[in-house]
>>> print(open('coords_26.cif').read())   # mmCIF, C-alpha atoms
data_final
loop_
_atom_site.label_atom_id
_atom_site.label_comp_id
_atom_site.auth_asym_id
_atom_site.auth_seq_id
_atom_site.Cartn_x
_atom_site.Cartn_y
_atom_site.Cartn_z
CA MET A 1 -24.89 13.52 31.30
CA ASP A 2 -21.75 13.80 29.16
CA THR A 3 -22.91 14.59 25.61
CA ARG A 4 -19.44 15.17 24.24
CA HIS A 5 -18.23 13.00 21.37
CA HIS A 6 -15.78 10.28 22.29
CA ILE A 7 -12.70 9.84 20.12
CA LEU A 8 -10.38 6.86 20.23
CA LEU A 9 -6.79 7.43 19.07
CA LEU A 10 -4.78 4.37 18.05
CA ASP A 11 -1.02 4.53 17.43
CA ASP A 12 1.85 2.34 18.59
CA ASP A 13 4.01 5.40 19.39
CA PRO A 14 3.14 6.77 22.88
CA ASP A 15 4.82 10.13 22.17
CA LEU A 16 2.65 10.65 19.12
CA LEU A 17 -0.44 9.67 21.11
CA ASP A 18 0.32 12.39 23.66
CA MET A 19 0.92 14.93 20.93
CA TYR A 20 -2.32 14.08 19.07
CA ARG A 21 -4.25 14.17 22.33
CA GLU A 22 -3.09 17.76 22.80
CA ILE A 23 -3.92 18.67 19.22
CA LEU A 24 -7.41 17.12 19.40
CA ALA A 25 -8.10 18.93 22.64
CA GLN A 26 -8.25 22.12 20.49
CA LEU A 27 -11.38 20.86 18.68
CA PRO A 28 -14.28 23.29 19.26
CA SER A 29 -16.63 20.47 20.31
CA ARG A 30 -14.21 19.51 23.15
CA PRO A 31 -14.45 15.76 22.62
CA GLU A 32 -13.48 13.14 25.19
CA ILE A 33 -10.24 11.56 23.95
CA ARG A 34 -9.07 8.04 24.78
CA THR A 35 -5.88 6.41 23.51
CA ALA A 36 -4.74 2.88 22.69
CA SER A 37 -1.26 1.75 21.70
CA SER A 38 -2.26 -1.57 20.13
CA GLY A 39 -5.06 -2.97 18.00
CA SER A 40 -6.18 -5.39 20.69
CA ARG A 41 -6.38 -2.60 23.30
CA ALA A 42 -8.41 -0.48 20.86
CA MET A 43 -10.82 -3.37 20.26
CA ALA A 44 -11.27 -3.80 24.00
CA LEU A 45 -12.03 -0.07 24.45
CA LEU A 46 -14.50 -0.07 21.57
CA GLU A 47 -16.23 -3.03 23.19
CA SER A 48 -16.52 -1.29 26.54
CA GLU A 49 -17.72 2.22 25.61
CA PRO A 50 -19.40 4.03 22.73
CA PHE A 51 -17.09 6.08 20.48
CA ARG A 52 -17.99 8.47 17.72
CA LEU A 53 -14.64 8.43 15.93
CA LEU A 54 -11.60 6.18 15.63
CA ILE A 55 -8.32 7.71 14.46
CA CYS A 56 -5.96 4.95 13.49
CA ASP A 57 -2.35 4.59 12.38
CA LEU A 58 -1.54 2.05 9.67
CA LYS A 59 1.93 0.72 10.52
CA MET A 60 1.69 -1.09 13.81
CA PRO A 61 3.20 -4.33 15.09
CA LYS A 62 1.14 -7.51 15.52
CA MET A 63 -2.18 -6.09 14.32
CA ASP A 64 -1.74 -3.44 11.62
CA GLY A 65 -4.18 -0.63 10.87
CA LEU A 66 -5.77 -2.42 7.91
CA GLN A 67 -6.57 -5.42 10.12
CA VAL A 68 -8.05 -3.22 12.84
CA LEU A 69 -10.12 -1.24 10.34
CA SER A 70 -11.50 -4.28 8.55
CA ILE A 71 -12.80 -5.62 11.89
CA VAL A 72 -14.05 -2.24 13.07
CA ARG A 73 -15.93 -1.47 9.85
CA ARG A 74 -17.86 -4.73 10.14
CA LYS A 75 -18.45 -4.65 13.87
CA TYR A 76 -19.19 -0.94 14.33
CA PRO A 77 -20.54 0.40 11.02
CA GLN A 78 -21.77 3.62 12.67
CA LEU A 79 -18.29 4.49 13.95
CA ARG A 80 -16.53 7.19 11.94
CA THR A 81 -12.99 6.21 11.00
CA VAL A 82 -9.96 8.25 10.03
CA VAL A 83 -6.53 6.96 9.05
CA LEU A 84 -3.64 9.14 10.14
CA THR A 85 -0.41 7.82 8.75
CA SER A 86 3.02 8.62 7.44
CA VAL A 87 2.60 5.98 4.73
CA MET A 88 1.89 7.88 1.54
CA ASP A 89 1.18 5.18 -0.95
CA GLU A 90 -1.67 5.19 -3.44
CA GLN A 91 -2.25 1.47 -2.95
CA PHE A 92 -2.80 1.84 0.79
CA ARG A 93 -4.95 4.93 0.30
CA SER A 94 -7.09 2.94 -2.14
CA ARG A 95 -7.34 -0.06 0.19
CA VAL A 96 -8.24 2.14 3.15
CA TYR A 97 -11.07 3.81 1.23
CA ALA A 98 -12.17 0.39 -0.06
CA LEU A 99 -12.67 -0.63 3.56
CA GLY A 100 -15.12 2.26 3.96
CA VAL A 101 -12.92 4.58 5.99
CA ASP A 102 -14.09 8.22 6.04
CA MET A 103 -10.75 9.99 5.68
CA PHE A 104 -7.13 9.18 4.88
CA TRP A 105 -4.72 11.78 6.25
CA GLN A 106 -0.98 12.14 6.12
CA LYS A 107 0.28 12.96 9.62
CA PRO A 108 0.13 16.78 9.70
CA GLY A 109 3.52 18.44 9.89
CA SER A 110 2.76 22.16 9.94
CA GLU A 111 0.37 24.56 11.64
CA PRO A 112 -1.88 25.06 8.56
CA GLU A 113 -2.06 21.26 8.07
CA ILE A 114 -3.06 20.75 11.70
CA LYS A 115 -5.71 23.45 11.35
CA MET A 116 -7.13 21.82 8.24
CA PHE A 117 -7.05 18.40 9.89
CA LEU A 118 -8.99 19.71 12.89
CA GLU A 119 -11.57 21.40 10.66
CA CYS A 120 -12.14 18.13 8.80
CA LEU A 121 -12.47 16.20 12.06
CA GLU A 122 -14.95 18.72 13.46
CA SER A 123 -17.03 18.47 10.30
CA LEU A 124 -16.93 14.67 10.47
CA LEU A 125 -17.98 14.66 14.11
CA GLY A 126 -20.88 17.00 13.37
CA ARG A 127 -22.30 14.99 10.48
CA GLU A 128 -25.70 13.41 11.17
CA ALA A 129 -25.76 15.05 14.58
CA ASP A 130 -27.07 18.33 13.19
CA SER A 131 -30.77 18.84 12.83
CA GLY A 132 -32.62 21.08 10.37
CA PHE A 133 -33.05 21.15 6.62
CA ARG A 134 -30.88 19.05 4.42
CA GLY A 135 -29.99 19.55 0.80
CA LEU A 136 -32.09 18.98 -2.28
CA GLN A 137 -30.80 15.42 -2.51
CA SER A 138 -33.20 14.41 0.26
CA LYS A 139 -36.22 15.50 -1.80
CA SER A 140 -38.21 12.97 -3.79
CA LEU A 141 -38.82 13.37 -7.48
CA MET A 142 -42.48 14.15 -6.71
CA ASP A 143 -41.39 17.07 -4.50
CA ILE A 144 -39.14 18.43 -7.24
CA ILE A 145 -41.90 18.26 -9.88
CA GLN A 146 -44.33 19.94 -7.49
CA LEU A 147 -41.83 22.71 -6.78
CA GLU A 148 -41.32 23.33 -10.50
CA CYS A 149 -45.06 23.33 -11.20
CA ILE A 150 -46.13 25.48 -8.24
CA SER A 151 -43.55 28.11 -9.20
CA GLN A 152 -44.95 28.11 -12.77
CA SER A 153 -41.52 27.27 -14.14
CA SER A 154 -40.58 26.18 -17.63
CA SER A 155 -37.80 23.63 -17.74
CA VAL A 156 -36.77 20.15 -18.74
CA LEU A 157 -35.91 17.72 -15.93
CA ARG A 158 -33.39 15.14 -16.98
CA ILE A 159 -33.43 12.16 -14.62
CA THR A 160 -30.83 9.42 -14.61
CA ASN A 161 -31.02 6.12 -12.80
CA GLY A 162 -27.79 4.21 -13.52
CA PRO A 163 -27.70 3.74 -17.29
CA LEU A 164 -31.40 4.68 -17.65
CA THR A 165 -32.20 8.25 -18.68
CA ALA A 166 -35.54 10.02 -18.85
CA LYS A 167 -36.89 13.55 -19.37
CA ILE A 168 -39.90 15.48 -18.16
CA TRP A 169 -40.89 18.66 -19.99
CA ILE A 170 -42.53 21.37 -17.87
CA GLN A 171 -44.04 24.45 -19.52
CA ASN A 172 -45.43 27.34 -17.42
CA GLY A 173 -46.06 25.01 -14.48
CA ASP A 174 -47.67 22.20 -16.53
CA VAL A 175 -46.15 18.84 -17.27
CA ILE A 176 -46.52 18.64 -21.05
CA ASP A 177 -44.51 15.54 -21.96
CA SER A 178 -42.14 12.89 -20.68
CA GLU A 179 -39.91 10.25 -22.17
CA ALA A 180 -38.33 7.13 -20.63
CA GLY A 181 -36.77 4.62 -23.00
CA ASP A 182 -39.46 3.60 -25.49
CA LEU A 183 -42.25 5.11 -23.40
CA ARG A 184 -43.76 8.56 -23.96
CA GLY A 185 -46.36 10.73 -22.28
CA GLU A 186 -48.22 9.56 -19.18
CA SER A 187 -46.86 6.00 -19.21
CA ALA A 188 -43.29 7.37 -19.25
CA PHE A 189 -44.16 9.75 -16.39
CA GLN A 190 -45.47 6.89 -14.25
CA LYS A 191 -42.42 4.79 -15.06
CA ILE A 192 -40.07 7.60 -14.00
CA LEU A 193 -41.92 8.14 -10.72
CA SER A 194 -41.60 4.42 -9.92
CA TRP A 195 -37.80 4.77 -9.80
CA LYS A 196 -36.61 4.68 -6.24
CA THR A 197 -33.25 6.38 -6.74
CA GLY A 198 -31.51 8.57 -9.27
CA ASN A 199 -30.14 11.98 -10.07
CA PHE A 200 -31.74 14.89 -11.79
CA GLU A 201 -30.65 18.06 -13.51
CA THR A 202 -32.65 21.00 -14.78
CA LEU A 203 -32.14 21.85 -18.44
CA PRO A 204 -33.36 24.96 -20.28
CA ALA A 205 -37.01 24.95 -21.32
CA GLU A 206 -38.04 23.72 -24.78
CA PRO A 207 -41.13 25.79 -25.63
CA SER A 208 -41.42 24.14 -29.05
CA ARG A 209 -41.99 20.69 -27.50
CA PRO A 210 -45.46 19.46 -28.57
CA ARG A 211 -47.85 18.71 -25.72
CA ALA A 212 -48.40 14.98 -25.17
CA ILE A 213 -49.88 15.15 -21.65
CA SER A 214 -53.11 17.04 -21.07
CA LYS A 215 -53.76 16.18 -17.40
CA SER A 216 -52.87 18.60 -14.62
CA TYR A 217 -49.70 17.90 -12.66
CA ASN A 218 -51.79 17.24 -9.55
CA ALA A 219 -53.78 14.52 -11.30
CA LEU A 220 -50.59 12.98 -12.71
CA LEU A 221 -48.88 12.91 -9.33
CA LEU A 222 -51.98 11.50 -7.66
CA GLU A 223 -52.27 8.70 -10.23
CA SER A 224 -48.57 7.88 -9.91
CA ALA A 225 -48.81 7.79 -6.11
CA GLN A 226 -51.84 5.49 -6.34
CA ALA A 227 -50.04 3.20 -8.80
CA LEU A 228 -47.04 3.05 -6.44
CA ASP A 229 -49.27 2.27 -3.45
CA GLU A 230 -51.04 -0.48 -5.37
CA SER A 231 -47.77 -2.09 -6.46
CA LEU A 232 -46.61 -1.93 -2.83
CA ASP A 233 -49.81 -3.62 -1.68
CA VAL A 234 -49.39 -6.37 -4.24
CA ALA A 235 -45.85 -6.97 -3.06
CA THR A 236 -46.79 -7.13 0.62
CA ALA A 237 -50.01 -9.07 0.10
CA GLY A 238 -48.05 -12.23 -0.61
CA SER A 239 -47.54 -14.13 -3.86
CA GLN A 240 -43.85 -13.31 -3.57
CA ALA A 241 -42.87 -15.72 -6.31
CA LYS A 242 -45.22 -14.05 -8.75
CA SER A 243 -44.06 -10.52 -7.96
CA ALA A 244 -40.39 -11.48 -8.09
CA ALA A 245 -40.76 -13.32 -11.38
CA LEU A 246 -41.97 -10.17 -13.16
CA PRO A 247 -38.83 -8.04 -12.63
CA LEU A 248 -36.65 -11.04 -13.43
CA ALA A 249 -38.42 -11.45 -16.75
CA GLN A 250 -37.71 -7.77 -17.42
CA LEU A 251 -34.04 -8.25 -16.60
CA SER A 252 -33.81 -11.16 -19.01
CA GLN A 253 -34.88 -8.76 -21.79
CA VAL A 254 -31.56 -6.94 -21.50
CA GLU A 255 -29.42 -7.53 -24.57
CA GLY A 256 -27.17 -10.59 -24.25
CA VAL A 257 -28.78 -12.07 -21.12
CA GLU A 258 -29.23 -15.85 -21.23
CA PHE A 259 -30.52 -16.35 -17.72
CA VAL A 260 -31.01 -14.43 -14.48
CA LEU A 261 -30.89 -15.92 -11.01
CA ALA A 262 -31.74 -13.85 -7.92
CA ILE A 263 -30.85 -15.38 -4.57
CA LYS A 264 -31.87 -14.24 -1.09
CA PRO A 265 -29.08 -15.44 1.21
CA GLY A 266 -30.06 -16.68 4.62
CA GLN A 267 -33.29 -18.13 3.31
CA PRO A 268 -32.60 -21.79 2.45
CA SER A 269 -32.97 -22.52 -1.26
CA HIS A 270 -34.83 -19.26 -1.81
CA HIS A 271 -34.06 -18.15 -5.30
CA GLU A 272 -35.92 -16.95 -8.36
CA ALA A 273 -34.72 -17.82 -11.83
CA CYS A 274 -35.55 -16.90 -15.38
CA GLY A 275 -34.10 -18.87 -18.30
CA LEU A 276 -32.78 -21.82 -16.24
CA GLU A 277 -34.43 -25.22 -16.09
CA ASN A 278 -32.65 -26.41 -12.98
CA PRO A 279 -31.39 -23.37 -11.08
CA GLN A 280 -30.40 -25.10 -7.82
CA PRO A 281 -26.81 -26.17 -8.76
CA MET A 282 -26.13 -22.74 -10.25
CA ALA A 283 -27.56 -20.99 -7.17
CA ASP A 284 -25.37 -23.14 -4.90
CA TRP A 285 -22.26 -22.36 -6.95
CA ALA A 286 -23.03 -18.64 -7.05
CA GLN A 287 -23.60 -18.42 -3.29
CA GLN A 288 -20.53 -20.47 -2.43
CA SER A 289 -18.32 -18.49 -4.82
CA LEU A 290 -19.48 -15.14 -3.44
CA GLN A 291 -18.86 -16.33 0.12
CA ARG A 292 -15.47 -17.84 -0.76
CA PHE A 293 -14.18 -14.69 -2.45
CA ASP A 294 -15.67 -12.47 0.26
CA ALA A 295 -13.54 -14.34 2.77
CA LEU A 296 -10.48 -14.11 0.51
CA GLY A 297 -10.98 -10.34 0.14
CA ASP A 298 -11.06 -10.06 3.94
CA ARG A 299 -7.77 -11.92 4.27
CA LEU A 300 -6.15 -9.73 1.62
CA HIS A 301 -7.70 -6.48 2.97
CA ALA A 302 -8.67 -5.69 -0.61
CA GLY A 303 -12.12 -4.29 0.20
CA ALA A 304 -15.60 -5.71 -0.28
CA LEU A 305 -16.04 -8.02 -3.24
CA GLU A 306 -17.58 -6.10 -6.15
CA GLN A 307 -18.22 -8.60 -8.92
CA ILE A 308 -17.02 -11.91 -10.32
CA GLU A 309 -17.00 -12.62 -14.04
CA GLY A 310 -16.63 -16.15 -15.36
CA LEU A 311 -15.83 -16.75 -19.02
CA GLY A 312 -16.70 -20.13 -20.48
CA PRO A 313 -16.65 -21.83 -23.87
CA GLN A 314 -20.46 -21.96 -24.00
CA ARG A 315 -21.58 -18.95 -21.99
CA HIS A 316 -20.28 -16.30 -19.64
CA VAL A 317 -21.57 -15.53 -16.18
CA ALA A 318 -21.36 -12.64 -13.73
CA LEU A 319 -22.00 -12.68 -9.99
CA THR A 320 -22.72 -9.63 -7.88
CA ARG A 321 -24.86 -8.33 -5.02
CA HIS A 322 -27.38 -5.54 -4.69
CA GLY A 323 -28.82 -4.91 -1.25
CA ASP A 324 -29.74 -8.25 0.26
CA THR A 325 -29.99 -10.01 -3.10
CA GLU A 326 -27.26 -11.97 -4.87
CA PHE A 327 -27.35 -12.14 -8.64
CA CYS A 328 -26.00 -14.69 -11.07
CA VAL A 329 -26.52 -13.59 -14.66
CA GLY A 330 -25.67 -15.73 -17.69
CA TRP A 331 -24.41 -13.92 -20.77
CA LYS A 332 -23.98 -14.81 -24.41
CA HIS A 333 -20.56 -16.16 -25.29
CA SER A 334 -20.10 -13.48 -27.95
CA LEU A 335 -19.91 -10.68 -25.35
CA GLY A 336 -16.60 -9.34 -24.02
CA VAL A 337 -15.80 -8.72 -20.35
CA ASP A 338 -16.18 -4.94 -20.69
CA GLN A 339 -19.58 -5.33 -22.33
CA ILE A 340 -20.67 -7.71 -19.55
CA ARG A 341 -19.61 -5.16 -16.93
CA GLU A 342 -21.61 -2.39 -18.57
CA LEU A 343 -24.65 -4.59 -19.09
CA MET A 344 -24.49 -5.84 -15.49
CA LYS A 345 -24.82 -2.21 -14.36
CA LYS A 346 -27.94 -1.96 -16.50
CA VAL A 347 -29.39 -5.18 -15.04
CA ILE A 348 -28.81 -3.98 -11.49
CA ALA A 349 -30.23 -0.51 -12.23
CA LEU A 350 -33.34 -2.14 -13.71
CA TRP A 351 -33.71 -4.33 -10.64
CA ALA A 352 -33.28 -1.35 -8.34
CA SER A 353 -35.91 0.64 -10.22
CA MET B 1 26.69 -0.43 17.24
CA GLY B 2 26.04 -3.97 16.11
CA LEU B 3 24.80 -4.84 19.62
CA LEU B 4 22.30 -1.99 19.48
CA THR B 5 21.03 -3.18 16.13
CA LEU B 6 20.60 -6.66 17.58
CA PHE B 7 18.20 -5.44 20.27
CA ALA B 8 16.43 -2.84 18.13
CA LYS B 9 12.68 -3.28 17.81
CA PRO B 10 11.83 -4.39 14.26
CA ALA B 11 9.90 -1.69 12.40
CA PRO B 12 6.34 -2.76 11.65
CA THR B 13 5.56 -3.19 7.97
CA LEU B 14 2.38 -3.19 5.98
CA LEU B 15 1.65 -5.92 3.49
CA ARG B 16 1.44 -4.53 -0.03
CA LEU B 17 -0.80 -6.24 -2.54
CA PRO B 18 1.63 -7.48 -5.17
CA THR B 19 1.55 -7.35 -8.95
CA GLY B 20 2.48 -10.59 -10.62
CA SER B 21 1.34 -14.07 -11.44
CA PHE B 22 1.73 -17.67 -10.36
CA THR B 23 0.64 -21.09 -11.56
CA VAL B 24 -0.89 -23.85 -9.49
CA ASP B 25 -1.31 -27.52 -10.41
CA ARG B 26 -4.54 -29.44 -10.00
CA GLN B 27 -3.66 -30.19 -6.34
CA GLY B 28 -3.24 -26.51 -5.58
CA CYS B 29 0.58 -26.63 -5.28
CA VAL B 30 2.27 -23.45 -6.46
CA LEU B 31 4.61 -24.31 -9.35
CA VAL B 32 6.14 -21.03 -10.47
CA GLY B 33 5.44 -17.41 -9.77
CA THR B 34 6.61 -13.85 -10.22
CA LEU B 35 5.19 -12.53 -6.95
CA PRO B 36 7.64 -10.88 -4.54
CA SER B 37 8.95 -13.26 -1.88
CA ILE B 38 7.75 -10.87 0.86
CA PHE B 39 4.15 -11.77 -0.01
CA PRO B 40 3.15 -14.66 2.29
CA ALA B 41 3.26 -18.08 0.59
CA GLN B 42 0.18 -19.12 2.56
CA LEU B 43 -1.88 -16.33 0.96
CA VAL B 44 -0.66 -17.34 -2.49
CA ARG B 45 -1.69 -20.97 -1.85
CA ASP B 46 -5.01 -19.75 -0.50
CA ILE B 47 -5.77 -17.72 -3.63
CA GLY B 48 -4.79 -20.69 -5.82
CA GLN B 49 -6.98 -23.05 -3.82
CA GLN B 50 -10.03 -20.79 -3.95
CA VAL B 51 -9.90 -20.30 -7.70
CA LEU B 52 -9.39 -24.03 -8.33
CA THR B 53 -12.42 -24.83 -6.15
CA ALA B 54 -14.49 -22.20 -7.96
CA PHE B 55 -13.54 -23.70 -11.36
CA ARG B 56 -14.37 -27.25 -10.20
CA GLU B 57 -17.68 -26.35 -8.61
CA ALA B 58 -18.68 -24.36 -11.71
CA GLU B 59 -18.06 -27.44 -13.84
CA SER B 60 -20.19 -29.53 -11.47
CA ALA B 61 -22.98 -26.96 -11.91
CA GLN B 62 -22.81 -27.53 -15.71
CA LEU B 63 -20.99 -24.24 -16.22
CA PRO B 64 -17.47 -25.01 -17.45
CA LEU B 65 -15.34 -21.88 -17.15
CA ALA B 66 -12.00 -21.04 -18.71
CA GLU B 67 -11.41 -17.78 -16.89
CA LEU B 68 -12.50 -16.15 -13.66
CA ILE B 69 -12.12 -12.45 -12.91
CA ILE B 70 -12.61 -11.46 -9.29
CA ASN B 71 -12.99 -7.72 -8.73
CA TYR B 72 -12.26 -6.01 -5.43
CA PRO B 73 -11.99 -2.24 -5.06
CA SER B 74 -8.22 -2.43 -4.68
CA LEU B 75 -7.34 -5.69 -6.42
CA LYS B 76 -8.25 -7.66 -9.51
CA ILE B 77 -7.58 -11.40 -9.60
CA THR B 78 -7.66 -13.06 -13.01
CA ALA B 79 -7.44 -16.85 -13.09
CA ARG B 80 -7.18 -18.94 -16.26
CA GLU B 81 -7.85 -22.63 -16.15
CA LEU B 82 -4.87 -24.77 -17.21
CA ARG B 83 -5.76 -28.47 -17.54
CA GLY B 84 -7.04 -28.79 -13.99
CA GLY B 85 -4.60 -26.23 -12.61
CA ALA B 86 -4.61 -22.48 -13.13
CA ILE B 87 -2.50 -19.45 -13.87
CA VAL B 88 -3.43 -16.55 -11.62
CA PHE B 89 -2.67 -12.85 -12.18
CA LEU B 90 -2.84 -10.30 -9.39
CA SER B 91 -3.26 -6.63 -10.36
CA PRO B 92 -3.67 -4.05 -7.58
CA ARG B 93 -5.90 -1.09 -8.41
CA THR B 94 -5.43 2.53 -7.38
CA PRO B 95 -7.83 5.44 -7.89
CA TYR B 96 -5.55 6.91 -10.56
CA GLY B 97 -5.05 3.81 -12.66
CA PRO B 98 -7.20 0.79 -13.45
CA ALA B 99 -5.79 -2.67 -12.88
CA SER B 100 -3.50 -3.56 -15.74
CA GLN B 101 -4.69 -6.24 -18.10
CA PRO B 102 -2.88 -9.58 -17.69
#
>>> encode(input="coords_26.cif", output="structure tokens")
Amino acid sequence: MDTRHHILLLDDDPDLLDMYREILAQLPSRPEIRTASSGSRAMALLESEPFRLLICDLKMPKMDGLQVLSIVRRKYPQLRTVVLTSVMDEQFRSRVYALGVDMFWQKPGSEPEIKMFLECLESLLGREADSGFRGLQSKSLMDIIQLECISQSSSVLRITNGPLTAKIWIQNGDVIDSEAGDLRGESAFQKILSWKTGNFETLPAEPSRPRAISKSYNALLLESAQALDESLDVATAGSQAKSAALPLAQLSQVEGVEFVLAIKPGQPSHHEACGLENPQPMADWAQQSLQRFDALGDRLHAGALEQIEGLGPQRHVALTRHGDTEFCVGWKHSLGVDQIRELMKKVIALWAS
Amino acid sequence: MGLLTLFAKPAPTLLRLPTGSFTVDRQGCVLVGTLPSIFPAQLVRDIGQQVLTAFREAESAQLPLAELIINYPSLKITARELRGGAIVFLSPRTPYGPASQP
């Protein structure tokens, strides 16, 4: 069985295709290389056989590279994509990356450039195929705390989750205190462990920090794991409306929020609202607007829609998505657009946590 | 030489996202604009039509809006309501500079 990676090269210039085929043949992984001289031919090849990587030119007649890539990114999200072009324009570079392309390369013109290009391609082809240990980023927060405690370390873990920041103080392998927003001690520790994503950094120890947690780290981690399991059980046991209403109520506590509407697309009239008496018309408008401007973004090749802000004489509103949920958040009229943008990040981070 | 030029294959071009503005009336007809003529008129009409529909539907949902800002990674569209029509600003974004304020 042929286990080599398959690469598809797309360029309207047949001479360049031949040249790139020769260059790519030098890759250490000896990939199988196919070529296409038009977007439609490339689409047909992608349909007929599995490829690992598409290398695409931008300037092409009939169907340009941006058009090809916007289709490919939707249809084959696992396919790695590289743009190889002579167009050096910041706008196009930005639009290419907005489409989710892995690399944007100027056509290499010298031996060192070709070498660097091949090294990057080899690294891209190898990603996710390698087995073995990955970096610390794949560890959970529980693992990191355990590592610190088992090694009897003294440090301060600073954890950030969007705009939310928290700290855990560890002294000689014991968790002595934690802080998350207004919470302190054990309640803060449990809150931090309920966050699903985030970043952490290790700060120097603070030996003078007074002890606010007396339990062992094992007991703390066990309690937090139990609390997480219980909350998961509650969520899966049904009463979806009840469990969804609770985070929405939390979101509405964010400064300046007038109402929050969370919509699950694809499920007819499935939405949860807080602060709205009749959410249906607003949910319809939010869904239609997101769809409408999604489609417009596709036609303009401007990348995936990020957020819509609407400013009104009575209240402002912002529409965005997180995962499979669409959000429509009403804001006080006194807020400016920049404030709304910052606060929207906070709302989404709270939802995600 | 002229004969050769006549049969030469036209070089393919890429459509740049333009910087500029245009106004549309309540029917969605483009009245005036500062967008380059190379930018397709159909796309301009399309943008105008979508923002007008969004304004109208927002009003029907009891949410009158005076301004809409649509953010894409490489483009910002700002539309201001003008007595049923709209003035629309297009500002492309690049990694090294945020979209300019209209």
>>> residues_around(input="coords_26.cif", residues="Glu326 (chain A)", least_positions_apart="4", cutoff="8 Å", atoms="all atoms listed in the file", output="PDB file with C-alpha atoms, in the coordinates of the input")
ATOM      1  CA  ALA A 262     -31.740 -13.850  -7.920  1.00  0.00           C
ATOM      2  CA  ILE A 263     -30.850 -15.380  -4.570  1.00  0.00           C
ATOM      3  CA  LYS A 264     -31.870 -14.240  -1.090  1.00  0.00           C
ATOM      4  CA  PRO A 265     -29.080 -15.440   1.210  1.00  0.00           C
ATOM      5  CA  GLN A 287     -23.600 -18.420  -3.290  1.00  0.00           C
ATOM      6  CA  LEU A 319     -22.000 -12.680  -9.990  1.00  0.00           C
ATOM      7  CA  THR A 320     -22.720  -9.630  -7.880  1.00  0.00           C
ATOM      8  CA  ARG A 321     -24.860  -8.330  -5.020  1.00  0.00           C
ATOM      9  CA  HIS A 322     -27.380  -5.540  -4.690  1.00  0.00           C
TER      10      HIS A 322
END
>>> atom_distance(input="coords_26.cif", atom1="CA of Gln91 (chain A)", atom2="CA of Thr94 (chain B)")
5.6 Å
>>> closest_residue(input="coords_26.cif", among="B:Leu82, B:Val24, B:Leu15, B:Ala54", to="Phe39 (chain B)", atoms="all atoms listed in the file")
B:Leu15
>>> interface_residues(input="coords_26.cif", of="chain A", to="chain B", cutoff="8 Å", atoms="all atoms listed in the file", output="PyMOL selection string")
chain A and resi 58-61+64+90-92+94-95+98+281-282+285+289+292-293+296-297+300+302-316
>>> atom_distance(input="coords_26.cif", atom1="CA of Glu119 (chain A)", atom2="CA of Met43 (chain A)")
26.6 Å
>>> build_atoms(input="coords_26.cif", residues="region 253-264 of chain A", atoms="N, CA and C atoms", output="PDB file, in the coordinates of the input")
ATOM      1  N   GLN A 253     -34.721  -9.423 -20.489  1.00  0.00           N
ATOM      2  CA  GLN A 253     -34.880  -8.760 -21.790  1.00  0.00           C
ATOM      3  C   GLN A 253     -33.647  -7.939 -22.163  1.00  0.00           C
ATOM      4  N   VAL A 254     -32.764  -7.730 -21.206  1.00  0.00           N
ATOM      5  CA  VAL A 254     -31.560  -6.940 -21.500  1.00  0.00           C
ATOM      6  C   VAL A 254     -30.723  -7.693 -22.536  1.00  0.00           C
ATOM      7  N   GLU A 255     -30.188  -6.943 -23.463  1.00  0.00           N
ATOM      8  CA  GLU A 255     -29.420  -7.530 -24.570  1.00  0.00           C
ATOM      9  C   GLU A 255     -28.309  -8.459 -24.051  1.00  0.00           C
ATOM     10  N   GLY A 256     -28.266  -9.669 -24.586  1.00  0.00           N
ATOM     11  CA  GLY A 256     -27.170 -10.590 -24.250  1.00  0.00           C
ATOM     12  C   GLY A 256     -27.428 -11.498 -23.063  1.00  0.00           C
ATOM     13  N   VAL A 257     -28.520 -11.250 -22.312  1.00  0.00           N
ATOM     14  CA  VAL A 257     -28.780 -12.070 -21.120  1.00  0.00           C
ATOM     15  C   VAL A 257     -29.305 -13.444 -21.536  1.00  0.00           C
ATOM     16  N   GLU A 258     -28.726 -14.505 -20.965  1.00  0.00           N
ATOM     17  CA  GLU A 258     -29.230 -15.850 -21.230  1.00  0.00           C
ATOM     18  C   GLU A 258     -30.094 -16.346 -20.077  1.00  0.00           C
ATOM     19  N   PHE A 259     -29.688 -16.008 -18.874  1.00  0.00           N
ATOM     20  CA  PHE A 259     -30.520 -16.350 -17.720  1.00  0.00           C
ATOM     21  C   PHE A 259     -30.241 -15.377 -16.582  1.00  0.00           C
ATOM     22  N   VAL A 260     -31.188 -15.275 -15.669  1.00  0.00           N
ATOM     23  CA  VAL A 260     -31.010 -14.430 -14.480  1.00  0.00           C
ATOM     24  C   VAL A 260     -31.432 -15.252 -13.258  1.00  0.00           C
ATOM     25  N   LEU A 261     -30.614 -15.193 -12.246  1.00  0.00           N
ATOM     26  CA  LEU A 261     -30.890 -15.920 -11.010  1.00  0.00           C
ATOM     27  C   LEU A 261     -30.743 -14.925  -9.870  1.00  0.00           C
ATOM     28  N   ALA A 262     -31.791 -14.757  -9.087  1.00  0.00           N
ATOM     29  CA  ALA A 262     -31.740 -13.850  -7.920  1.00  0.00           C
ATOM     30  C   ALA A 262     -31.852 -14.702  -6.663  1.00  0.00           C
ATOM     31  N   ILE A 263     -30.904 -14.523  -5.766  1.00  0.00           N
ATOM     32  CA  ILE A 263     -30.850 -15.380  -4.570  1.00  0.00           C
ATOM     33  C   ILE A 263     -30.967 -14.491  -3.334  1.00  0.00           C
ATOM     34  N   LYS A 264     -31.772 -14.925  -2.391  1.00  0.00           N
ATOM     35  CA  LYS A 264     -31.870 -14.240  -1.090  1.00  0.00           C
ATOM     36  C   LYS A 264     -31.075 -15.066  -0.089  1.00  0.00           C
TER      37      LYS A 264
END
